[in-house]
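Enquirer: Sending over a structure as structure tokens; questions will come in a sec.
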Amino acid sequence: MHDDRRLVEERLARMLTTRIAPAKYAGSVPLEIEVWHVPDEPVPAAEALAADFEPFAVGQRWGAPWSTSWFRVRGGIPAEWRGKRVEAVIDLGFSGAQAGFQAEALAHDLDGRPIKGIAPCNDHVPLTGDAVGLLIEAAANPDVLAGGMQPTPMGDKETAGKDPLYVFTAADVRLLDEDVWHLRTDMEVLSQLMHELSTSDPRRHDILRALERALDAIDVADISGTAQAARAELTDVLARPAHASAHTLSAVGHAHIDSAWLWPQRETIRKTARTFATVTALAQEYPEFIFACSQAQQYAWIKEHQPVIFERIAAAVKSGQWAPVGGMWVESDANLPGGEALARQLVHGKRFFLDEFGYECEEVWLPDSFGYTAAFPQLARLAGARWFLTQKMSWNQTNKMPHHTFWWEGIDGTRVFTHLPPVDTYNSEFSGKEMAYAVANYLEKGRGTTSLVPFGYGDGGGGPTREMLERARRLKDLEGTAKVVIEKPNEFFEKAHAEYPDAPVWSGEMYLELHRATYTSQARTKAGNRRSEHLLREAELWAATAAVGGDYEYPHEAFDRLWKVVLLHQFHDILPGSSIAWVHREAEATYAAVAAELNAITDSALASLAGEGQNSLVFNTSPRERLEVVDDVVTAVPASGAAQVSGVDVTQVEVTARSLDNGLVRVLLDDNGLLTSVVANGREVLAGPGNLLQLHPDLPNFWDAWDIDAHYKRRHTDLTDADSITVLRSGVEGAIEVVRSFGSSRITQVIGVRAGSRRVDVRTEIDWHESEKILKAAFPIDVHADRSTAEIQFGHVHRPTHTNTSWDAARFEIYAHRWVHVAEPGYGVAVLNDSTYGHDISRTTSATGTTTTTVRLSLVRAPRCPDPHADQGKHVLTYALLPDASIADAVAEGYALNLPVRQVPGGEAPAPLVSVDGDAVVVEAVKLAADRSGDVVVRLYEALGGRASAVVSTSFPVSSAAVTDLLERPLADAEITPEGIAVALRPFQIVTLRLRR
């Protein structure tokens, strides 16, 4: 017999598309439509209920970009349909884009109570009774990337225009033909499975013939009447069980909702409402359904704005159909937030779930963040998490991660059991292709038998659909494919760990070989985050000191609220700079408001501490003692403490037209303002012109705001010409100003040296008006460094400066926090910054064998999508060169650069609330306990990568001391000695102490 498989497949495809799918509904009755177009920003349902509606009809245009329209639809249900599966179908003008990236809506009853979301592939609202009455809040969100990675005005309400985007397509009451609907699902599942099976597999041919018989059973003139007969032909092939050795896919409903991305935060609030309403409605229909949801911030929004939906969530959590996961305030970026910020992500997230649901998350859930700091395993375990989930590492451009289930080891040696789902998506739809790919891709075959599949529409929300759950039912135990079991993520992790306890170990950071430009894009957003983190540190320290030492009232509520604002903006499309213009415009305004409030708290606390008097007091938030210039004298200020301004005998800075010299460091400039020599301790630091600004073209292959691709290095322009070079001052501070113009931009840099310091500061103001370019600042350093060292959260990591392997070569752009350090035995140099994260570090060797290690900072970019004006305008930042520097020096000066001293008039300088001896142990945070007991909480860590012992002294008597987890819950007693609290730390260990007064 000739091979007719192709003909059967073609027949099946046409029947599904043109006959069976359209027969899903057995009848349709149009609804009456009225509309009220909201004049400006969205309003609650109560306001819409009181509005004046006007007639509206199918086929009319509606919805200027980012606008809201409330539709009221009403009508009757035919008597013969009652008791059957009847639903309202609303089509707002959906296009081919998936749920979450175009118009979407939330359906309410006529009392304003939410029912479920409306989106592509989920456009129905179940109906009961004999009449229809719905109030529909429709959002005319534009598909920002509809034209691809191209500049668009659609990313901001202020530039998107007023022309309607959508044509209202349908508002009907329809009768669902369940036989036809189920037939379509049967055929789709079997067809997709068949196409993934080998042509030599007998199972493929069994399915093909069963589908052929089902097609033969269908009367195209009576799809509804023959659907049952067609389904009967498929019963046998759907009933055959999976092989005993079949892989098990542990499935959980999911709806990754970016807390801002191609939409502003206000729209995310509504996206969560639509999705969560849909999910809780779906849970009532499918008792086996379980939904996993992270990001406490989104729950908090729902609690505030949609209390009815929040009650439904709480009920689903209690019944076991809803699993809070992740234990973080948002799914933050996992590289750029500071150490204390990542700790607070876990603290605030876990506390919310404990307070609201009595539920303790045991996993960190970060499927979409752009790489993962090596500090995370320790933080996760200190927050009580046992598991870690990521998906994004499957996006690597060059090297495939070697495991899907593994132990991830952090810089301190802590390990956390980790899973990277081999399905390579957190938005699975249970297609046959996905199921086959998950099994084929799974790297632990022969050792593990199970992997995780998060299913549901995501990024823009939407979540699982009933069709996905129907497919899951058919795939539960089906020959030829993996078994599917719907369960909570922690149940999956328990099973995966039990069968594979000796999983391999991945040590160190998980560097994503993609999206490297997120270390640099939207520099003002990054600066706002960095400064907010340090302002929070200051305010907490001085408020705690004032509260313990006097009658100052510690502002618990303000700190809780402000931390949550900062944590929200660390979401993995805000802080990385990959959101639309609207998001970053609002972020800048928010950071300014946060700074104003935190400065006011700090000023109030310092005034309380300083008391009355005419002395000039200097307060140092840094964890290291320092010399600073105040009132034209150099003053020594203790760590986390204060001192009265008094001169320290140091050599003044001598300044000429082209030099600065304070006896510790001598800096020479050429006639273009470039650093030609930096000498400290008799050794030249530079191997070429320093502080050389270099301009590269920067057009990545695809993801504009996200990516910097290696080809950018092949072309650059050195910005050597100076408009002017001016001596500004000498004495206790020396400064020379260099101004450069290029293209449409201008850079003003003040190169400064202070008396008593080796640090060479470069205060930089950039008036930036370039497009698709990246600006770098280069320091060629005369050291032979085979690796660089970069500060990360609670420690540092080493990265090769060579490209021996593809893994090394892929790290052509790296991130660092306050400093990077390059060294050869006996001598090192640090490059510090106050808001820059992106760096590249390379090594070259001359013909004579001289090695140069070049450190470059990535100062600013100019991507055009999704924000066509990203980074345009003014930037103010500082970076610095620290010669003859150890790691301890880099740590101390990194804090000093980011934590300027504060000067306050008053009486006597108060003693530090908390101090630690030695260079290795650093105090990261000092605050009062969250439970308002008045206990003092101190978080510290070992910063140099070795073992350390230290004594924590306090200015107050301590009655008891405990080592706690991040949530301030006791783990063990701490040792109190006559000198203070004794601590012993392993390399990079984080310790939280709770001290009772």
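Starting from 1 in every chain, residues are counted up; chains themselves are A, B, ... following the order of the structure tokens, and ligands are numbered from 1 as listed.
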Applying 7 Å and only C-alpha atoms, which residues near His716 (chain A) remain after dropping the ones on its own chain fewer than 3 positions away? List them as a VMD selection string.
Expert: chain A and resid 694 to 697 713
Enquirer: Could you pull the residues within 12 Å of Ala440 (chain A), counting only C-alpha atoms, minus those fewer than 2 positions along the same chain, as a tab-separated table (two decimals) with C-alpha atoms, in the first residue's frame?
Expert:
```
chain	number	residue	atom	x	y	z
A	196	GLU	CA	7.02	14.06	17.87
A	197	LEU	CA	7.28	10.27	17.49
A	246	ALA	CA	8.61	7.26	31.20
A	247	HIS	CA	9.90	10.56	32.46
A	422	PRO	CA	14.51	21.13	30.80
A	423	VAL	CA	11.30	22.22	29.08
A	424	ASP	CA	13.19	25.57	28.75
A	433	LYS	CA	6.61	19.53	21.06
A	434	GLU	CA	7.28	20.90	24.55
A	435	MET	CA	6.72	17.53	26.18
A	436	ALA	CA	9.07	15.76	23.81
A	437	TYR	CA	11.68	18.48	24.12
A	438	ALA	CA	11.62	18.35	27.93
A	442	TYR	CA	16.85	16.42	30.28
A	443	LEU	CA	20.51	15.99	31.23
A	444	GLU	CA	20.08	13.79	34.30
A	445	LYS	CA	18.85	10.67	32.50
A	451	SER	CA	11.51	17.59	36.07
A	481	THR	CA	5.15	10.68	26.03
A	482	ALA	CA	6.11	11.73	29.54
```
Enquirer: Would you list the contacts of Gly549 (chain A) as a PyMOL selection string, taking every protein, DNA or RNA residue within 10 Å and counting only C-alpha atoms, but skipping same-chain residues closer than 5 positions in sequence?
Expert: chain A and resi 543-544+608-609+910-911+913+955-956
Enquirer: Keeping N, CA and C atoms, export the residues of the selection given above as a PDB file, in the first residue's frame.
Expert:
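So out.pdb came out as:
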```pdb
ATOM      1  N   ALA A 543      18.980  56.091  62.976  1.00  0.00           N
ATOM      2  CA  ALA A 543      17.711  56.017  63.701  1.00  0.00           C
ATOM      3  C   ALA A 543      17.801  55.023  64.856  1.00  0.00           C
ATOM      4  N   ALA A 544      18.453  53.867  64.610  1.00  0.00           N
ATOM      5  CA  ALA A 544      18.636  52.893  65.692  1.00  0.00           C
ATOM      6  C   ALA A 544      19.524  53.464  66.788  1.00  0.00           C
ATOM      7  N   SER A 608      18.976  64.531  66.751  1.00  0.00           N
ATOM      8  CA  SER A 608      18.741  63.976  68.081  1.00  0.00           C
ATOM      9  C   SER A 608      20.041  63.504  68.718  1.00  0.00           C
ATOM     10  N   LEU A 609      20.905  62.876  67.921  1.00  0.00           N
ATOM     11  CA  LEU A 609      22.177  62.364  68.436  1.00  0.00           C
ATOM     12  C   LEU A 609      23.153  63.496  68.761  1.00  0.00           C
ATOM     13  N   PRO A 910      28.521  61.225  69.696  1.00  0.00           N
ATOM     14  CA  PRO A 910      28.092  59.987  70.359  1.00  0.00           C
ATOM     15  C   PRO A 910      29.005  58.825  69.985  1.00  0.00           C
ATOM     16  N   ALA A 911      29.069  57.856  70.869  1.00  0.00           N
ATOM     17  CA  ALA A 911      29.856  56.649  70.586  1.00  0.00           C
ATOM     18  C   ALA A 911      29.134  55.802  69.550  1.00  0.00           C
ATOM     19  N   LEU A 913      27.109  52.950  67.985  1.00  0.00           N
ATOM     20  CA  LEU A 913      26.185  51.990  68.582  1.00  0.00           C
ATOM     21  C   LEU A 913      26.778  50.593  68.561  1.00  0.00           C
ATOM     22  N   SER A 955      27.552  50.232  72.423  1.00  0.00           N
ATOM     23  CA  SER A 955      27.529  51.359  73.347  1.00  0.00           C
ATOM     24  C   SER A 955      26.442  51.195  74.401  1.00  0.00           C
ATOM     25  N   PHE A 956      25.789  50.054  74.400  1.00  0.00           N
ATOM     26  CA  PHE A 956      24.721  49.779  75.360  1.00  0.00           C
ATOM     27  C   PHE A 956      24.960  48.398  75.963  1.00  0.00           C
TER      28      PHE A 956
END
```
Enquirer: Can you tell me, as JSON, numbers by chain, what residues are no more than 10 Å from Trp387 (chain A) when counting only C-alpha atoms, ignoring any on the same chain fewer than 6 positions away?
Expert: {"A": [326, 361, 362, 363, 364, 365, 377, 380, 381, 407, 408, 415, 416, 417, 418, 419, 489, 490, 493, 494, 497]}
Enquirer: Next, the residues of the selection above should be written as a PDB file, in the first residue's frame with C-alpha atoms.
Expert:
```
ATOM      1  CA  GLY A 326       9.722  32.318  45.994  1.00  0.00           C
ATOM      2  CA  CYS A 361       8.029  29.382  51.160  1.00  0.00           C
ATOM      3  CA  GLU A 362      10.827  26.850  50.910  1.00  0.00           C
ATOM      4  CA  GLU A 363      12.146  27.807  47.493  1.00  0.00           C
ATOM      5  CA  VAL A 364      13.608  30.813  45.754  1.00  0.00           C
ATOM      6  CA  TRP A 365      11.693  31.204  42.490  1.00  0.00           C
ATOM      7  CA  PRO A 377      22.806  30.082  48.054  1.00  0.00           C
ATOM      8  CA  ALA A 380      18.457  31.478  50.438  1.00  0.00           C
ATOM      9  CA  ARG A 381      19.397  29.103  53.224  1.00  0.00           C
ATOM     10  CA  TRP A 407      23.543  21.575  44.008  1.00  0.00           C
ATOM     11  CA  TRP A 408      24.459  25.232  43.634  1.00  0.00           C
ATOM     12  CA  ARG A 415      24.729  24.764  48.832  1.00  0.00           C
ATOM     13  CA  VAL A 416      21.113  24.880  47.769  1.00  0.00           C
ATOM     14  CA  PHE A 417      19.330  22.177  45.726  1.00  0.00           C
ATOM     15  CA  THR A 418      18.574  23.746  42.351  1.00  0.00           C
ATOM     16  CA  HIS A 419      16.491  22.909  39.299  1.00  0.00           C
ATOM     17  CA  PRO A 489       6.717  22.815  43.489  1.00  0.00           C
ATOM     18  CA  ASN A 490       7.877  21.766  46.952  1.00  0.00           C
ATOM     19  CA  PHE A 493      11.652  19.276  44.922  1.00  0.00           C
ATOM     20  CA  GLU A 494      11.192  16.743  47.710  1.00  0.00           C
ATOM     21  CA  HIS A 497      16.072  15.538  46.048  1.00  0.00           C
TER      22      HIS A 497
END
```
Enquirer: With distances taken over only C-alpha atoms, which residue among A:Tyr299, A:Phe101, A:Phe988, A:Tyr166 lies nearest Ala64 (chain A)?
Expert: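 Once distances to Ala64 (chain A) are computed over only C-alpha atoms, the minimum belongs to A:Tyr166.
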Enquirer: Near region 884-901 of chain A, counting only C-alpha atoms, which residues have an atom at most 8 Å away, once you skip same-chain residues fewer than 6 positions from it, shown as a PyMOL selection string?
Expert: chain A and resi 531+534+618-624+626+628+680-681+818-821+827-830+832-834+919-920+943-944
Enquirer: Give me a file of those residues, with C-alpha atoms, as an mmCIF file, in the first residue's frame.
Expert:
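So the final result, stored in part.cif, reads:
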```cif
data_model
loop_
_atom_site.group_PDB
_atom_site.id
_atom_site.type_symbol
_atom_site.label_atom_id
_atom_site.label_comp_id
_atom_site.auth_asym_id
_atom_site.auth_seq_id
_atom_site.Cartn_x
_atom_site.Cartn_y
_atom_site.Cartn_z
ATOM 1 C CA ARG A 531 21.867 55.641 46.355
ATOM 2 C CA HIS A 534 22.972 53.442 50.914
ATOM 3 C CA VAL A 618 30.997 64.499 61.420
ATOM 4 C CA PHE A 619 29.048 61.221 61.115
ATOM 5 C CA ASN A 620 30.467 58.256 59.221
ATOM 6 C CA THR A 621 28.049 55.528 58.151
ATOM 7 C CA SER A 622 30.852 53.489 56.611
ATOM 8 C CA PRO A 623 31.931 50.313 58.466
ATOM 9 C CA ARG A 624 35.549 51.505 58.405
ATOM 10 C CA ARG A 626 38.226 57.097 57.591
ATOM 11 C CA GLU A 628 37.677 63.008 55.362
ATOM 12 C CA ALA A 680 52.001 55.665 44.629
ATOM 13 C CA ASN A 681 54.603 54.159 46.934
ATOM 14 C CA ARG A 818 31.433 49.156 44.477
ATOM 15 C CA TRP A 819 34.824 47.995 43.213
ATOM 16 C CA VAL A 820 36.948 45.777 41.018
ATOM 17 C CA HIS A 821 40.515 44.812 41.863
ATOM 18 C CA TYR A 827 50.683 44.689 44.442
ATOM 19 C CA GLY A 828 47.113 45.527 43.499
ATOM 20 C CA VAL A 829 44.981 48.342 42.148
ATOM 21 C CA ALA A 830 41.258 48.929 42.669
ATOM 22 C CA LEU A 832 35.837 52.105 42.553
ATOM 23 C CA ASN A 833 32.459 53.501 41.563
ATOM 24 C CA ASP A 834 29.361 55.031 43.120
ATOM 25 C CA ASP A 919 39.670 44.368 58.822
ATOM 26 C CA ALA A 920 37.943 41.169 57.790
ATOM 27 C CA ALA A 943 34.672 40.335 53.519
ATOM 28 C CA LEU A 944 38.155 39.116 52.585
#
```
Enquirer: One decimal, in Å: what's the spacing between CA of Thr676 (chain A) and CA of Gly826 (chain A)?
Expert: 23.2 Å
Enquirer: Counting only C-alpha atoms, which residue out of A:Val548, A:Leu562, A:Val317, A:Ala735 sits closest to Ala755 (chain A)?
Expert: A:Ala735
Enquirer: Out of A:Glu54, A:Asp222, A:Asp707, A:Asp670, which residue has the shortest atom-to-atom distance to Phe370 (chain A) when counting only C-alpha atoms?
Expert: A:Asp707
Enquirer: Going by DSSP on the backbone, which residues of region 126-198 of chain A come out as strand (DSSP E or B)? List them as an mmCIF file with N, CA and C atoms, in the first residue's frame.
Expert:
```cif
data_model
loop_
_atom_site.group_PDB
_atom_site.id
_atom_site.type_symbol
_atom_site.label_atom_id
_atom_site.label_comp_id
_atom_site.auth_asym_id
_atom_site.auth_seq_id
_atom_site.Cartn_x
_atom_site.Cartn_y
_atom_site.Cartn_z
ATOM 1 N N PRO A 126 -18.147 32.331 32.217
ATOM 2 C CA PRO A 126 -19.246 31.392 32.472
ATOM 3 C C PRO A 126 -20.504 32.120 32.949
ATOM 4 N N LEU A 127 -21.664 31.620 32.499
ATOM 5 C CA LEU A 127 -22.936 32.242 32.848
ATOM 6 C C LEU A 127 -23.868 31.235 33.489
ATOM 7 N N ALA A 131 -30.337 35.466 32.543
ATOM 8 C CA ALA A 131 -29.998 36.775 31.990
ATOM 9 C C ALA A 131 -28.512 37.022 32.144
ATOM 10 N N VAL A 132 -28.017 37.930 31.309
ATOM 11 C CA VAL A 132 -26.600 38.295 31.321
ATOM 12 C C VAL A 132 -26.475 39.758 31.727
ATOM 13 N N GLY A 133 -25.576 40.014 32.658
ATOM 14 C CA GLY A 133 -25.253 41.385 33.038
ATOM 15 C C GLY A 133 -23.811 41.439 33.489
ATOM 16 N N LEU A 134 -22.949 42.035 32.671
ATOM 17 C CA LEU A 134 -21.532 42.092 32.987
ATOM 18 C C LEU A 134 -21.015 43.521 32.845
ATOM 19 N N LEU A 135 -20.092 43.867 33.706
ATOM 20 C CA LEU A 135 -19.377 45.131 33.633
ATOM 21 C C LEU A 135 -17.914 44.783 33.353
ATOM 22 N N ILE A 136 -17.394 45.260 32.237
ATOM 23 C CA ILE A 136 -16.081 44.821 31.762
ATOM 24 C C ILE A 136 -15.125 46.004 31.711
ATOM 25 N N GLU A 137 -14.070 45.919 32.516
ATOM 26 C CA GLU A 137 -13.015 46.929 32.499
ATOM 27 C C GLU A 137 -11.986 46.522 31.457
ATOM 28 N N ALA A 138 -11.941 47.252 30.356
ATOM 29 C CA ALA A 138 -11.065 46.897 29.238
ATOM 30 C C ALA A 138 -9.893 47.871 29.163
ATOM 31 N N ALA A 139 -8.699 47.307 29.078
ATOM 32 C CA ALA A 139 -7.479 48.096 28.997
ATOM 33 C C ALA A 139 -6.955 48.070 27.574
ATOM 34 N N TYR A 166 -8.027 49.497 18.765
ATOM 35 C CA TYR A 166 -8.729 48.229 18.634
ATOM 36 C C TYR A 166 -10.124 48.409 18.034
ATOM 37 N N VAL A 167 -10.580 47.332 17.397
ATOM 38 C CA VAL A 167 -11.956 47.244 16.898
ATOM 39 C C VAL A 167 -12.664 46.172 17.704
ATOM 40 N N ALA A 170 -16.587 41.161 19.223
ATOM 41 C CA ALA A 170 -17.692 40.273 19.586
ATOM 42 C C ALA A 170 -18.099 40.478 21.027
ATOM 43 N N ALA A 171 -19.424 40.375 21.249
ATOM 44 C CA ALA A 171 -20.002 40.286 22.596
ATOM 45 C C ALA A 171 -21.272 39.468 22.450
ATOM 46 N N ASP A 172 -21.163 38.174 22.745
ATOM 47 C CA ASP A 172 -22.261 37.247 22.504
ATOM 48 C C ASP A 172 -22.468 36.324 23.697
ATOM 49 N N VAL A 173 -23.690 35.791 23.783
ATOM 50 C CA VAL A 173 -23.945 34.621 24.617
ATOM 51 C C VAL A 173 -23.818 33.402 23.720
ATOM 52 N N ARG A 174 -23.025 32.425 24.155
ATOM 53 C CA ARG A 174 -22.807 31.253 23.308
ATOM 54 C C ARG A 174 -22.979 29.975 24.113
ATOM 55 N N LEU A 175 -23.424 28.955 23.406
ATOM 56 C CA LEU A 175 -23.602 27.628 23.984
ATOM 57 C C LEU A 175 -22.412 26.763 23.603
ATOM 58 N N LEU A 176 -21.643 26.352 24.609
ATOM 59 C CA LEU A 176 -20.468 25.528 24.358
ATOM 60 C C LEU A 176 -20.904 24.107 24.021
#
```
Enquirer: Hey, what's within 10 Å of Pro576 (chain A) if we count only C-alpha atoms and toss same-chain stuff fewer than 4 positions away? As a list in words, please?
Expert: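 Residues meeting the cut-off are Ser332, Asp333, Ala334, Asn335, Leu336, Pro337, Ser369, Phe370, His515, Arg516, Ala517, Thr518, Tyr519, Thr520, Ser521, Gln522, Ala523, Thr525, Lys526, His569, Gln570, Phe571, His572, Ala705 and Trp706 of chain A.
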Enquirer: Generate the output file for the selected residues, C-alpha atoms, as a PDB file, in the first residue's frame.
Expert:
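Below is the file that was written, result15.pdb:
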```
ATOM      1  CA  SER A 332      14.253  40.906  41.470  1.00  0.00           C
ATOM      2  CA  ASP A 333      17.306  41.162  39.348  1.00  0.00           C
ATOM      3  CA  ALA A 334      19.807  38.781  40.923  1.00  0.00           C
ATOM      4  CA  ASN A 335      23.047  40.587  40.109  1.00  0.00           C
ATOM      5  CA  LEU A 336      22.611  44.311  40.765  1.00  0.00           C
ATOM      6  CA  PRO A 337      20.771  44.659  44.113  1.00  0.00           C
ATOM      7  CA  SER A 369      16.280  36.997  36.109  1.00  0.00           C
ATOM      8  CA  PHE A 370      19.401  37.742  34.080  1.00  0.00           C
ATOM      9  CA  HIS A 515      21.585  40.398  28.451  1.00  0.00           C
ATOM     10  CA  ARG A 516      24.967  41.731  29.579  1.00  0.00           C
ATOM     11  CA  ALA A 517      23.949  45.320  28.829  1.00  0.00           C
ATOM     12  CA  THR A 518      21.507  45.202  31.725  1.00  0.00           C
ATOM     13  CA  TYR A 519      24.522  46.074  33.882  1.00  0.00           C
ATOM     14  CA  THR A 520      24.518  49.520  32.207  1.00  0.00           C
ATOM     15  CA  SER A 521      21.222  50.461  30.497  1.00  0.00           C
ATOM     16  CA  GLN A 522      19.178  53.264  32.104  1.00  0.00           C
ATOM     17  CA  ALA A 523      22.042  54.536  34.243  1.00  0.00           C
ATOM     18  CA  THR A 525      17.657  54.089  37.384  1.00  0.00           C
ATOM     19  CA  LYS A 526      20.748  52.227  38.549  1.00  0.00           C
ATOM     20  CA  HIS A 569      12.160  48.844  41.694  1.00  0.00           C
ATOM     21  CA  GLN A 570      14.727  46.047  41.777  1.00  0.00           C
ATOM     22  CA  PHE A 571      12.357  43.952  39.681  1.00  0.00           C
ATOM     23  CA  HIS A 572      14.234  42.288  36.852  1.00  0.00           C
ATOM     24  CA  ALA A 705      18.240  47.471  26.035  1.00  0.00           C
ATOM     25  CA  TRP A 706      19.293  44.021  27.190  1.00  0.00           C
TER      26      TRP A 706
END
```
Enquirer: Taking into account only C-alpha atoms, which residue in the set A:Gly448, A:Asp163, A:Leu478, A:Ala581 is nearest to Pro501 (chain A)?
Expert: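 Checking each candidate against Pro501 (chain A), we get A:Gly448 as the closest.
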Enquirer: Of the residues A:Ala592, A:Val855, A:Ala343, A:Val762, which is the one nearest to Gln378 (chain A), using only C-alpha atoms?
Expert: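 The shortest atom-to-atom distance to Gln378 (chain A) comes from A:Ala343.
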